[in-house]
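J.: Just one file: coords_6.txt, with compact mmCIF, C-alpha atoms and all ligand atoms.
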```txt
# COMPACT_ATOMS: atom_id res chain seq x y z
CA MET A 20 -21.82 39.68 134.44
CA ASP A 21 -18.67 41.64 133.57
CA LEU A 22 -15.25 41.00 132.08
CA GLU A 23 -13.27 41.36 135.31
CA PRO A 24 -11.20 38.28 136.21
CA ARG A 25 -12.90 36.05 138.77
CA THR A 26 -11.53 34.87 142.09
CA ALA A 27 -12.25 31.30 143.19
CA PRO A 28 -14.74 31.50 146.09
CA GLY A 29 -12.83 28.90 148.12
CA ASP A 30 -9.33 30.04 147.14
CA PRO A 31 -8.77 33.82 147.15
CA GLY A 32 -5.28 33.31 145.68
CA LEU A 33 -6.73 31.92 142.45
CA THR A 34 -8.03 34.25 139.75
CA ALA A 35 -8.85 33.50 136.13
CA SER A 36 -10.22 35.28 133.05
CA VAL A 37 -13.82 35.22 131.94
CA ILE A 38 -14.35 33.36 128.66
CA THR A 39 -15.33 35.54 125.70
CA GLY A 40 -16.25 34.56 122.16
CA GLU A 41 -12.95 35.59 120.71
CA SER A 42 -11.43 32.23 120.02
CA GLY A 43 -11.86 28.49 119.78
CA PHE A 44 -15.11 26.82 120.72
CA PRO A 45 -17.06 29.97 121.77
CA ARG A 46 -16.17 31.59 118.46
CA SER A 47 -17.50 28.60 116.54
CA VAL A 48 -20.78 28.73 118.49
CA LEU A 49 -21.32 32.41 117.72
CA ARG A 50 -20.10 32.22 114.13
CA ASP A 51 -21.54 28.86 113.02
CA ARG A 52 -24.01 27.38 115.49
CA HIS A 53 -26.18 30.45 116.03
CA PRO A 54 -26.76 31.21 112.30
CA GLU A 55 -27.51 27.55 111.69
CA LEU A 56 -29.95 27.51 114.56
CA LEU A 57 -31.71 30.60 113.18
CA ALA A 58 -32.01 28.86 109.81
CA ARG A 59 -33.63 25.85 111.51
CA VAL A 60 -36.03 28.05 113.44
CA LEU A 61 -36.99 29.85 110.20
CA ASP A 62 -37.55 26.51 108.56
CA GLY A 63 -39.38 24.77 111.39
CA VAL A 64 -42.49 26.97 111.67
CA PRO A 65 -44.46 28.82 108.95
CA TRP A 66 -43.71 32.21 110.45
CA PRO A 67 -45.43 35.35 109.14
CA PRO A 68 -43.39 38.05 107.31
CA GLU A 69 -42.69 40.19 110.40
CA VAL A 70 -41.22 37.23 112.29
CA ARG A 71 -39.13 36.18 109.29
CA LEU A 72 -37.86 39.73 109.01
CA ALA A 73 -36.95 39.86 112.70
CA LEU A 74 -35.17 36.48 112.59
CA ASN A 75 -33.23 37.49 109.48
CA GLY A 76 -32.42 40.78 111.22
CA LEU A 77 -30.97 38.83 114.16
CA ALA A 78 -28.89 36.72 111.76
CA GLU A 79 -27.39 39.97 110.43
CA GLU A 80 -27.02 41.56 113.84
CA ILE A 81 -24.85 38.79 115.23
CA GLU A 82 -22.21 39.65 112.63
CA GLY A 83 -22.05 43.29 113.77
CA PRO A 84 -22.42 45.28 116.97
CA ILE A 85 -24.75 44.26 119.80
CA LEU A 86 -28.04 46.20 119.57
CA PRO A 87 -30.73 46.84 122.22
CA LEU A 88 -33.71 44.50 122.44
CA SER A 89 -36.41 45.41 119.97
CA ASP A 90 -39.32 44.35 122.19
CA THR A 91 -40.44 45.67 125.54
CA TYR A 92 -42.10 42.58 126.97
CA GLY A 93 -41.43 40.40 129.98
CA ASP A 94 -37.93 40.84 131.30
CA ALA A 95 -36.96 43.51 128.69
CA ALA A 96 -36.26 46.22 131.30
CA GLN A 97 -33.98 43.89 133.23
CA TRP A 98 -32.22 42.94 130.01
CA ALA A 99 -31.71 46.62 129.13
CA GLU A 100 -29.69 46.92 132.36
CA TRP A 101 -27.72 43.76 131.69
CA ALA A 102 -27.02 44.84 128.11
CA ALA A 103 -26.01 48.44 128.83
CA PRO A 104 -22.24 47.77 129.17
CA TYR A 105 -22.13 45.78 125.96
CA LEU A 106 -24.29 47.69 123.46
CA GLY A 107 -22.30 48.63 120.37
CA ARG A 108 -19.59 46.05 121.04
CA SER A 109 -18.95 42.91 119.04
CA TRP A 110 -20.73 39.72 120.16
CA TYR A 111 -17.32 38.08 120.23
CA GLU A 112 -15.67 40.36 122.79
CA VAL A 113 -18.25 40.18 125.60
CA PRO A 114 -18.58 37.27 128.09
CA PHE A 115 -19.53 34.21 126.07
CA LEU A 116 -22.20 33.11 128.55
CA TRP A 117 -23.78 36.56 128.37
CA ALA A 118 -23.69 36.64 124.55
CA GLU A 119 -25.38 33.24 124.27
CA ASN A 120 -28.11 34.23 126.72
CA TYR A 121 -28.75 37.49 124.90
CA PHE A 122 -28.95 35.62 121.59
CA TYR A 123 -31.66 33.28 122.92
CA ARG A 124 -33.57 36.18 124.49
CA LYS A 125 -33.45 38.05 121.17
CA LEU A 126 -34.51 34.97 119.25
CA LEU A 127 -37.59 34.55 121.45
CA GLY A 128 -38.38 38.26 121.08
CA ALA A 129 -38.09 37.96 117.30
CA THR A 130 -40.57 35.08 117.12
CA GLY A 131 -43.16 36.91 119.22
CA TRP A 132 -42.87 34.57 122.19
CA PHE A 133 -43.54 37.40 124.66
CA ALA A 134 -45.89 39.66 122.72
CA PRO A 135 -49.67 39.27 123.11
CA GLY A 136 -50.85 37.85 119.80
CA PRO A 137 -51.04 34.62 117.82
CA TRP A 138 -47.35 33.71 118.16
CA GLN A 139 -47.15 34.27 121.88
CA GLY A 140 -45.95 31.10 123.58
CA VAL A 141 -45.20 29.28 120.31
CA ASP A 142 -41.96 27.39 120.99
CA PRO A 143 -39.53 28.18 118.14
CA PHE A 144 -37.69 24.95 118.92
CA GLY A 145 -40.92 22.95 119.15
CA PRO A 146 -40.48 21.10 115.84
CA GLN A 147 -36.95 20.01 116.79
CA LYS A 148 -38.10 18.87 120.22
CA GLU A 149 -41.05 16.97 118.76
CA ALA A 150 -38.78 15.24 116.26
CA GLU A 151 -36.49 14.21 119.11
CA LEU A 152 -39.40 12.80 121.13
CA ALA A 153 -40.81 10.95 118.12
CA GLY A 154 -37.40 9.63 117.06
CA ALA A 155 -35.75 6.24 117.19
CA ALA A 156 -33.38 7.08 120.06
CA VAL A 157 -36.22 7.99 122.42
CA ARG A 158 -38.18 4.94 121.27
CA ALA A 159 -35.17 2.74 122.07
CA GLU A 160 -34.84 4.31 125.53
CA LEU A 161 -38.52 3.72 126.22
CA GLU A 162 -38.23 0.12 125.08
CA ALA A 163 -35.26 -0.36 127.40
CA LEU A 164 -37.50 0.51 130.36
CA ASP A 165 -38.73 -3.09 130.27
CA GLY A 166 -35.39 -4.18 131.69
CA LEU A 167 -35.32 -1.45 134.30
CA ALA A 168 -35.86 -3.67 137.32
CA GLY A 169 -32.48 -5.26 136.66
CA LEU A 170 -30.64 -1.95 136.81
CA GLY A 171 -29.10 -0.44 139.93
CA LEU A 172 -28.82 3.20 140.92
CA ASN A 173 -25.33 3.33 139.43
CA GLU A 174 -26.62 2.43 135.96
CA LEU A 175 -29.49 4.91 136.26
CA LEU A 176 -27.05 7.63 137.27
CA LEU A 177 -24.82 6.86 134.30
CA ALA A 178 -27.84 6.93 131.97
CA ALA A 179 -28.82 10.35 133.31
CA LEU A 180 -25.22 11.51 132.84
CA TRP A 181 -24.72 10.34 129.25
CA GLY A 182 -28.21 11.44 128.26
CA ASN A 183 -26.72 14.92 128.45
CA ARG A 184 -24.73 14.25 125.30
CA ALA A 185 -27.93 14.40 123.30
CA ASP A 186 -28.66 18.14 123.31
CA LEU A 187 -30.01 19.38 120.02
CA GLY A 188 -27.76 22.44 119.77
CA PHE A 189 -24.73 20.20 120.16
CA GLN A 190 -25.99 17.93 117.41
CA LEU A 191 -25.89 20.85 114.99
CA GLN A 192 -22.13 20.59 115.15
CA ARG A 193 -21.63 16.93 116.02
CA PRO A 194 -24.34 15.13 114.05
CA THR A 195 -22.39 11.90 113.95
CA VAL A 196 -21.67 11.49 117.64
CA ASP A 197 -22.23 7.84 118.37
CA ASP A 198 -23.38 6.03 121.44
CA GLU A 199 -20.39 3.74 121.65
CA THR A 200 -18.44 5.46 124.41
CA PRO A 201 -18.38 3.04 127.32
CA ALA A 202 -20.29 4.45 130.27
CA THR A 203 -17.29 4.81 132.55
CA SER A 204 -14.15 5.04 130.40
CA GLY A 205 -14.99 8.62 129.45
CA LEU A 206 -15.44 9.67 133.07
CA ILE A 207 -12.54 11.98 133.89
CA ALA A 208 -13.67 12.98 137.39
CA ASP A 209 -15.74 10.47 139.25
CA ASP A 210 -17.39 11.13 142.61
CA ARG A 211 -19.99 8.43 141.98
CA ALA A 212 -19.19 6.42 145.07
CA ALA A 213 -19.98 9.36 147.37
CA LEU A 214 -22.99 10.37 145.29
CA LEU A 215 -24.42 6.85 145.22
CA ALA A 216 -24.13 6.71 148.99
CA LEU A 217 -25.96 10.03 149.32
CA LEU A 218 -28.75 9.67 146.78
CA PRO A 219 -30.76 6.95 148.52
CA ARG A 220 -30.66 8.94 151.78
CA ALA A 221 -31.61 12.32 150.29
CA ASP A 222 -35.13 13.14 151.50
CA ARG A 223 -35.22 16.34 149.50
CA LEU A 224 -33.62 16.31 146.11
CA VAL A 225 -33.46 19.23 143.70
CA LEU A 226 -32.78 18.13 140.13
CA VAL A 227 -31.89 21.05 137.87
CA THR A 228 -32.68 19.55 134.49
CA ASP A 229 -31.26 20.27 131.07
CA ASN A 230 -32.51 18.85 127.76
CA ILE A 231 -35.77 17.25 126.70
CA GLY A 232 -35.82 13.77 125.12
CA ARG A 233 -32.90 11.44 125.66
CA GLU A 234 -31.73 13.46 128.67
CA LEU A 235 -35.00 14.21 130.48
CA LEU A 236 -36.19 10.60 130.15
CA PRO A 237 -33.38 9.07 132.24
CA ASP A 238 -33.74 11.99 134.67
CA LEU A 239 -37.37 11.03 135.17
CA VAL A 240 -36.39 7.37 135.50
CA LEU A 241 -33.93 8.30 138.24
CA ALA A 242 -36.55 10.43 139.99
CA ASP A 243 -39.06 7.58 139.76
CA ARG A 244 -36.57 5.12 141.29
CA LEU A 245 -35.78 7.42 144.24
CA LEU A 246 -39.43 8.34 144.84
CA SER A 247 -40.55 4.73 144.62
CA ALA A 248 -37.85 3.55 147.02
CA ARG A 249 -38.85 5.70 150.00
CA PRO A 250 -42.18 7.38 150.77
CA GLY A 251 -40.49 10.33 152.51
CA THR A 252 -38.52 11.43 149.44
CA THR A 253 -39.41 14.50 147.40
CA VAL A 254 -37.89 15.59 144.11
CA ALA A 255 -38.10 19.12 142.71
CA LEU A 256 -37.50 19.16 138.95
CA HIS A 257 -36.22 22.61 138.08
CA VAL A 258 -36.89 23.46 134.44
CA LYS A 259 -36.57 26.56 132.25
CA PRO A 260 -39.48 29.01 132.18
CA SER A 261 -39.14 29.53 128.42
CA PRO A 262 -37.46 27.90 125.41
CA TYR A 263 -33.70 28.12 125.76
CA PHE A 264 -30.54 26.67 124.19
CA THR A 265 -32.73 24.76 121.71
CA SER A 266 -33.65 21.70 123.70
CA ASP A 267 -33.75 22.77 127.34
CA ALA A 268 -36.87 21.43 129.02
CA THR A 269 -39.73 23.74 130.02
CA PRO A 270 -42.87 22.70 131.98
CA THR A 271 -44.61 22.10 128.63
CA ASP A 272 -41.77 19.78 127.65
CA VAL A 273 -42.15 17.77 130.86
CA LEU A 274 -45.80 17.26 129.92
CA ARG A 275 -44.87 16.42 126.31
CA THR A 276 -42.45 13.82 127.66
CA LEU A 277 -45.05 12.28 129.97
CA ARG A 278 -47.46 12.10 127.01
CA ARG A 279 -44.80 10.39 124.93
CA MET A 280 -44.19 7.88 127.73
CA ALA A 281 -47.91 7.22 127.97
CA GLU A 282 -47.82 5.94 124.36
CA GLY A 283 -45.91 2.90 125.60
CA PRO A 284 -44.39 0.40 125.88
CA ALA A 285 -46.00 -1.03 129.01
CA ALA A 286 -43.13 -0.22 131.42
CA ALA A 287 -43.20 3.42 130.30
CA VAL A 288 -46.97 3.57 130.80
CA GLU A 289 -46.60 2.18 134.31
CA MET A 290 -43.88 4.68 135.08
CA VAL A 291 -45.91 7.61 133.81
CA GLU A 292 -48.79 6.53 136.04
CA ARG A 293 -46.46 6.57 139.03
CA LEU A 294 -44.99 9.92 138.03
CA ARG A 295 -48.47 11.40 137.70
CA ASP A 296 -49.31 10.15 141.19
CA PHE A 297 -46.09 11.61 142.59
CA ILE A 298 -46.94 14.96 141.01
CA GLY A 299 -50.48 14.76 142.36
CA GLU A 300 -49.17 14.00 145.87
CA GLY A 301 -46.72 16.92 145.68
CA ARG A 302 -43.72 14.60 145.97
CA LEU A 303 -42.53 15.37 142.44
CA ALA A 304 -42.70 19.11 141.82
CA VAL A 305 -42.05 20.96 138.59
CA VAL A 306 -40.38 24.23 139.50
CA THR A 307 -39.34 27.09 137.29
CA HIS A 308 -37.67 30.45 137.83
CA PRO A 309 -36.61 33.40 135.60
CA PHE A 310 -33.06 32.95 136.90
CA TYR A 311 -32.73 29.84 134.77
CA VAL A 312 -32.80 31.90 131.56
CA ALA A 313 -30.80 34.86 132.92
CA PRO A 314 -27.19 35.63 131.95
CA LEU A 315 -26.04 34.86 135.48
CA THR A 316 -24.03 32.24 137.29
CA PHE A 317 -25.31 30.22 140.23
CA ALA A 318 -23.21 32.41 142.54
CA GLU A 319 -25.66 35.18 141.58
CA ALA A 320 -28.83 33.10 142.10
CA PRO A 321 -31.63 34.98 143.87
CA ALA A 322 -32.37 34.39 147.55
CA GLY A 323 -35.43 32.17 146.96
CA LEU A 324 -33.45 29.68 144.92
CA GLN A 325 -30.47 29.80 147.28
CA LYS A 326 -32.89 28.87 150.06
CA ALA A 327 -34.25 25.95 148.04
CA TYR A 328 -30.70 24.68 147.41
CA ALA A 329 -29.79 25.15 151.08
CA GLU A 330 -32.86 23.24 152.28
CA ALA A 331 -32.31 20.36 149.89
CA ASP A 332 -30.21 17.41 151.00
CA LEU A 333 -28.68 17.47 147.57
CA THR A 334 -28.97 19.51 144.38
CA VAL A 335 -27.99 17.76 141.16
CA LEU A 336 -27.16 19.99 138.20
CA LYS A 337 -27.45 18.41 134.79
CA GLY A 338 -25.47 19.36 131.74
CA ASP A 339 -22.83 21.57 130.30
CA LEU A 340 -24.46 24.94 130.66
CA ASN A 341 -25.46 24.38 134.29
CA TYR A 342 -21.84 23.38 134.90
CA ARG A 343 -20.59 26.61 133.32
CA ARG A 344 -22.99 28.54 135.53
CA LEU A 345 -21.93 26.56 138.60
CA VAL A 346 -18.17 27.02 138.33
CA GLY A 347 -18.35 30.32 136.41
CA ASP A 348 -17.60 30.56 132.69
CA VAL A 349 -13.96 31.10 133.47
CA GLU A 350 -10.60 29.74 132.38
CA TRP A 351 -9.79 27.93 135.63
CA PRO A 352 -6.85 25.56 135.45
CA ALA A 353 -8.58 22.18 135.01
CA THR A 354 -6.81 20.83 138.11
CA THR A 355 -8.52 23.43 140.35
CA PRO A 356 -10.47 21.52 143.02
CA PHE A 357 -14.23 21.42 142.33
CA ALA A 358 -14.82 22.47 145.96
CA SER A 359 -12.71 25.65 145.50
CA VAL A 360 -14.97 27.05 142.82
CA THR A 361 -18.26 25.87 144.32
CA ALA A 362 -17.51 26.97 147.91
CA TYR A 363 -20.31 29.56 147.70
CA TRP A 364 -22.98 26.84 147.20
CA PRO A 365 -25.42 26.91 150.12
CA GLY A 366 -25.64 23.14 150.55
CA ARG A 367 -24.54 20.02 148.76
CA VAL A 368 -24.21 20.09 145.00
CA ALA A 369 -23.45 17.48 142.36
CA ALA A 370 -22.76 18.01 138.67
CA LEU A 371 -23.56 15.39 136.02
CA ARG A 372 -22.08 16.79 132.84
CA THR A 373 -20.71 15.64 129.52
CA LEU A 374 -18.02 18.01 128.26
CA LYS A 375 -19.29 20.23 125.45
CA SER A 376 -17.35 23.41 126.26
CA ASP A 377 -13.90 24.32 127.54
CA VAL A 378 -14.68 25.04 131.19
CA LEU A 379 -13.39 22.31 133.46
CA VAL A 380 -12.19 21.82 137.04
CA GLY A 381 -11.39 18.92 139.33
CA VAL A 382 -9.33 16.78 136.96
CA ASP A 383 -6.30 14.92 138.15
CA ALA A 384 -3.00 16.30 136.68
CA ALA A 385 -1.90 12.98 135.15
CA ARG A 386 -5.26 12.40 133.44
CA LEU A 387 -5.23 15.97 132.19
CA ALA A 388 -1.78 15.56 130.66
CA GLU A 389 -2.94 12.37 128.95
CA LEU A 390 -6.03 14.06 127.52
CA ASP A 391 -4.09 17.10 126.35
CA ALA A 392 -1.64 14.79 124.60
CA SER A 393 -4.54 13.07 122.80
CA GLY A 394 -5.03 16.13 120.58
CA PRO A 395 -7.36 19.12 120.47
CA GLY A 396 -11.10 19.05 120.85
CA TRP A 397 -11.53 16.59 123.71
CA ARG A 398 -13.13 19.22 125.93
CA VAL A 399 -15.97 19.87 123.51
CA SER A 400 -16.52 16.49 121.86
CA GLY A 401 -19.15 15.16 124.26
CA GLU A 402 -17.06 12.00 124.68
CA TYR A 403 -15.89 12.81 128.19
CA ALA A 404 -17.89 13.47 131.32
CA VAL A 405 -17.62 14.37 134.98
CA VAL A 406 -19.57 13.37 138.07
CA GLN A 407 -18.55 15.82 140.79
CA LEU A 408 -19.81 16.44 144.28
CA ALA A 409 -19.13 19.13 146.88
CA GLY A 410 -20.52 20.29 150.20
O1 LIG B 501 -26.21 22.46 128.73
P1 LIG B 501 -26.06 21.44 127.66
O2 LIG B 501 -27.34 21.14 126.97
O3 LIG B 501 -25.36 20.22 128.14
O4 LIG B 501 -25.07 22.00 126.56
C1 LIG B 501 -25.26 23.27 126.03
C2 LIG B 501 -24.30 23.50 124.93
O5 LIG B 501 -24.50 22.62 123.86
O6 LIG B 501 -24.52 24.80 124.53
C3 LIG B 501 -23.39 25.61 124.72
C4 LIG B 501 -22.97 26.15 123.43
O7 LIG B 501 -24.02 26.90 122.91
C5 LIG B 501 -22.32 24.77 125.37
O8 LIG B 501 -22.15 25.15 126.69
C6 LIG B 501 -22.84 23.39 125.38
O9 LIG B 501 -22.08 22.71 124.47
```
With the file now loaded, output its structure as structure tokens.
Ligand SMILES: O=P(O)(O)OC[C@@]1(O)O[C@H](CO)[C@@H](O)[C@@H]1O

T.:
Amino acid sequence: MDLEPRTAPGDPGLTASVITGESGFPRSVLRDRHPELLARVLDGVPWPPEVRLALNGLAEEIEGPILPLSDTYGDAAQWAEWAAPYLGRSWYEVPFLWAENYFYRKLLGATGWFAPGPWQGVDPFGPQKEAELAGAAVRAELEALDGLAGLGLNELLLAALWGNRADLGFQLQRPTVDDETPATSGLIADDRAALLALLPRADRLVLVTDNIGRELLPDLVLADRLLSARPGTTVALHVKPSPYFTSDATPTDVLRTLRRMAEGPAAAVEMVERLRDFIGEGRLAVVTHPFYVAPLTFAEAPAGLQKAYAEADLTVLKGDLNYRRLVGDVEWPATTPFASVTAYWPGRVAALRTLKSDVLVGVDAARLAELDASGPGWRVSGEYAVVQLAG
């Protein structure tokens, strides 16, 4: 990932700059959200002195120049290559997507996630994820499963979409975000009709998930509905191989979620039994890949994943970060057609994303003018969303 302007894959006449951390929202993430996240990680687990030292060191480092990784485990050699052009530079002047990925990789290195020893595999965001799963919002969602039979695919799709607003990193900055936004008034690009026609016919669905808790639950509900409707359907749930962006789901988190569902109420228990059967039959697969925690866009996805996307009838990408990786973390004019920036996708792709960062395409000019006139901040407030489809 470099700083050269990008050309739209489906429109060679269109180029735009890569987003860095120098201003606006990215700056606030690097300056405010990352230190706050480190403080929470320090607080959440009784770390030994060497981990505390390393986490405090990272908190200092992000105010100065970018330094090499201080561990040699896992993907460290690959990261040394990715980091080479940026070492010694400020975190703010390199591609924002790269800087965030490097921060999370360094955070995991600091906590001993990779190193053989007692802290290996201890999720630094575990306490925050557990609190989310044990909290009132998840309980309310589970209780709502009793009324599930009355809901159509449209409602389930909207639940999966708005569940994305609940990521734990986002809540660091928007703790008061409410749940009052009507499900459709905040939709500023809406390909639901085409998507709803496709979903029930998709034999092979890839669902690239995002956050645990209030987002993963409706994703599982949607998967359950599609799998229950037709015996030929398969769903591959793509999750992160390691903790990432605070609340992104890993295989362990899928299991944690199933365990939480198994605690009830009755409709959740029934659903978890079905989901377990689907997993056992190979119809619901949990898939992971190192690409999902790499500082790369989907245009740079490795061949194996490209093949999986090409073979699927539909790939659904959840969330803000997957959207940034899909269209490139680039300052496209927001009226750029979604298809122009996703033309490289080897199949059919849909994005279900609430807006929590500046990147945006596929919005009608009149709606854009209206939103811009409404004041600053609408692109990052989580109050607006897109459902987009291409291919
Ligand atoms: O992918 P998600 O969970 O929807 O959102 C991830 C996010 O909260 O993290 C980034 C800032 O760190 C932004 O892209 C976005 O706001």

J.: Tell me which protein, DNA and RNA residues are within 7 Å of Thr39 (chain A), counting all atoms listed in the file, leaving out same-chain ones fewer than 4 positions away, and put them as a VMD selection string.

T.: chain A and resid 111 to 115

J.: Could you tell me how far CA of Leu126 (chain A) lies from atom C5 of ligand LIG 501 (chain B), in Å and to one decimal?

T.: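 Atom C5 of ligand LIG 501 (chain B) lies at a distance of 17.0 Å from CA of Leu126 (chain A).
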
J.: In terms of the shortest atom-to-atom distance over only C-alpha atoms and all ligand atoms, which of A:Leu161, A:Ala35, A:Val405, A:Val60 is closest to ligand LIG 501 (chain B)?

T.: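 Smallest distance to ligand LIG 501 (chain B) is found for A:Val405.
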
J.: For ligand LIG 501 (chain B), return the neighbouring residues as a PDB file with C-alpha atoms, keeping the file's coordinate frame (distance at most 10 Å; only C-alpha atoms and all ligand atoms).

T.:
```
ATOM      1  CA  PHE A  44     -15.110  26.820 120.720  1.00  0.00           C
ATOM      2  CA  PRO A  45     -17.060  29.970 121.770  1.00  0.00           C
ATOM      3  CA  SER A  47     -17.500  28.600 116.540  1.00  0.00           C
ATOM      4  CA  VAL A  48     -20.780  28.730 118.490  1.00  0.00           C
ATOM      5  CA  LEU A  49     -21.320  32.410 117.720  1.00  0.00           C
ATOM      6  CA  ARG A  52     -24.010  27.380 115.490  1.00  0.00           C
ATOM      7  CA  HIS A  53     -26.180  30.450 116.030  1.00  0.00           C
ATOM      8  CA  PHE A 115     -19.530  34.210 126.070  1.00  0.00           C
ATOM      9  CA  LEU A 116     -22.200  33.110 128.550  1.00  0.00           C
ATOM     10  CA  ALA A 118     -23.690  36.640 124.550  1.00  0.00           C
ATOM     11  CA  GLU A 119     -25.380  33.240 124.270  1.00  0.00           C
ATOM     12  CA  ASN A 120     -28.110  34.230 126.720  1.00  0.00           C
ATOM     13  CA  TYR A 123     -31.660  33.280 122.920  1.00  0.00           C
ATOM     14  CA  LEU A 180     -25.220  11.510 132.840  1.00  0.00           C
ATOM     15  CA  TRP A 181     -24.720  10.340 129.250  1.00  0.00           C
ATOM     16  CA  GLY A 182     -28.210  11.440 128.260  1.00  0.00           C
ATOM     17  CA  ASN A 183     -26.720  14.920 128.450  1.00  0.00           C
ATOM     18  CA  ARG A 184     -24.730  14.250 125.300  1.00  0.00           C
ATOM     19  CA  ALA A 185     -27.930  14.400 123.300  1.00  0.00           C
ATOM     20  CA  ASP A 186     -28.660  18.140 123.310  1.00  0.00           C
ATOM     21  CA  LEU A 187     -30.010  19.380 120.020  1.00  0.00           C
ATOM     22  CA  GLY A 188     -27.760  22.440 119.770  1.00  0.00           C
ATOM     23  CA  PHE A 189     -24.730  20.200 120.160  1.00  0.00           C
ATOM     24  CA  GLN A 190     -25.990  17.930 117.410  1.00  0.00           C
ATOM     25  CA  LEU A 191     -25.890  20.850 114.990  1.00  0.00           C
ATOM     26  CA  GLN A 192     -22.130  20.590 115.150  1.00  0.00           C
ATOM     27  CA  THR A 228     -32.680  19.550 134.490  1.00  0.00           C
ATOM     28  CA  ASP A 229     -31.260  20.270 131.070  1.00  0.00           C
ATOM     29  CA  ASN A 230     -32.510  18.850 127.760  1.00  0.00           C
ATOM     30  CA  ILE A 231     -35.770  17.250 126.700  1.00  0.00           C
ATOM     31  CA  GLU A 234     -31.730  13.460 128.670  1.00  0.00           C
ATOM     32  CA  TYR A 263     -33.700  28.120 125.760  1.00  0.00           C
ATOM     33  CA  PHE A 264     -30.540  26.670 124.190  1.00  0.00           C
ATOM     34  CA  THR A 265     -32.730  24.760 121.710  1.00  0.00           C
ATOM     35  CA  SER A 266     -33.650  21.700 123.700  1.00  0.00           C
ATOM     36  CA  ASP A 267     -33.750  22.770 127.340  1.00  0.00           C
ATOM     37  CA  ALA A 268     -36.870  21.430 129.020  1.00  0.00           C
ATOM     38  CA  LEU A 336     -27.160  19.990 138.200  1.00  0.00           C
ATOM     39  CA  LYS A 337     -27.450  18.410 134.790  1.00  0.00           C
ATOM     40  CA  GLY A 338     -25.470  19.360 131.740  1.00  0.00           C
ATOM     41  CA  ASP A 339     -22.830  21.570 130.300  1.00  0.00           C
ATOM     42  CA  LEU A 340     -24.460  24.940 130.660  1.00  0.00           C
ATOM     43  CA  ASN A 341     -25.460  24.380 134.290  1.00  0.00           C
ATOM     44  CA  TYR A 342     -21.840  23.380 134.900  1.00  0.00           C
ATOM     45  CA  ARG A 343     -20.590  26.610 133.320  1.00  0.00           C
ATOM     46  CA  ARG A 344     -22.990  28.540 135.530  1.00  0.00           C
ATOM     47  CA  ASP A 348     -17.600  30.560 132.690  1.00  0.00           C
ATOM     48  CA  LEU A 371     -23.560  15.390 136.020  1.00  0.00           C
ATOM     49  CA  ARG A 372     -22.080  16.790 132.840  1.00  0.00           C
ATOM     50  CA  THR A 373     -20.710  15.640 129.520  1.00  0.00           C
ATOM     51  CA  LEU A 374     -18.020  18.010 128.260  1.00  0.00           C
ATOM     52  CA  LYS A 375     -19.290  20.230 125.450  1.00  0.00           C
ATOM     53  CA  SER A 376     -17.350  23.410 126.260  1.00  0.00           C
ATOM     54  CA  ASP A 377     -13.900  24.320 127.540  1.00  0.00           C
ATOM     55  CA  VAL A 378     -14.680  25.040 131.190  1.00  0.00           C
ATOM     56  CA  ARG A 398     -13.130  19.220 125.930  1.00  0.00           C
ATOM     57  CA  VAL A 399     -15.970  19.870 123.510  1.00  0.00           C
ATOM     58  CA  SER A 400     -16.520  16.490 121.860  1.00  0.00           C
ATOM     59  CA  GLY A 401     -19.150  15.160 124.260  1.00  0.00           C
TER      60      GLY A 401
END
```

J.: Excluding Thr91 (chain A) and any residue of its chain fewer than 6 positions from it, enumerate the residues within 9 Å of it, using all atoms listed in the file, and give them as a PyMOL selection string.

T.: chain A and resi 128+133-134

J.: Write out as a list in words each polymer residue whose atoms come within 8 Å of Leu345 (chain A), counting only C-alpha atoms; drop sequence neighbours fewer than 4 positions from it.

T.: Thr316, Phe317, Ala318, Asn341 and Thr361 of chain A

J.: Got time to write the residues from that selection, C-alpha atoms, as a short mmCIF file (atom, residue, chain, number, x, y, z; two decimals), in the coordinates of the input?

T.:
```cif
data_model
loop_
_atom_site.label_atom_id
_atom_site.label_comp_id
_atom_site.auth_asym_id
_atom_site.auth_seq_id
_atom_site.Cartn_x
_atom_site.Cartn_y
_atom_site.Cartn_z
CA THR A 316 -24.03 32.24 137.29
CA PHE A 317 -25.31 30.22 140.23
CA ALA A 318 -23.21 32.41 142.54
CA ASN A 341 -25.46 24.38 134.29
CA THR A 361 -18.26 25.87 144.32
#
```

J.: Can you work out which one of A:Leu215, A:Leu177, A:Val368, A:Leu86 has the shortest atom-to-atom distance to Asp238 (chain A), counting only C-alpha atoms?

T.: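 Smallest distance to Asp238 (chain A) is found for A:Leu177.
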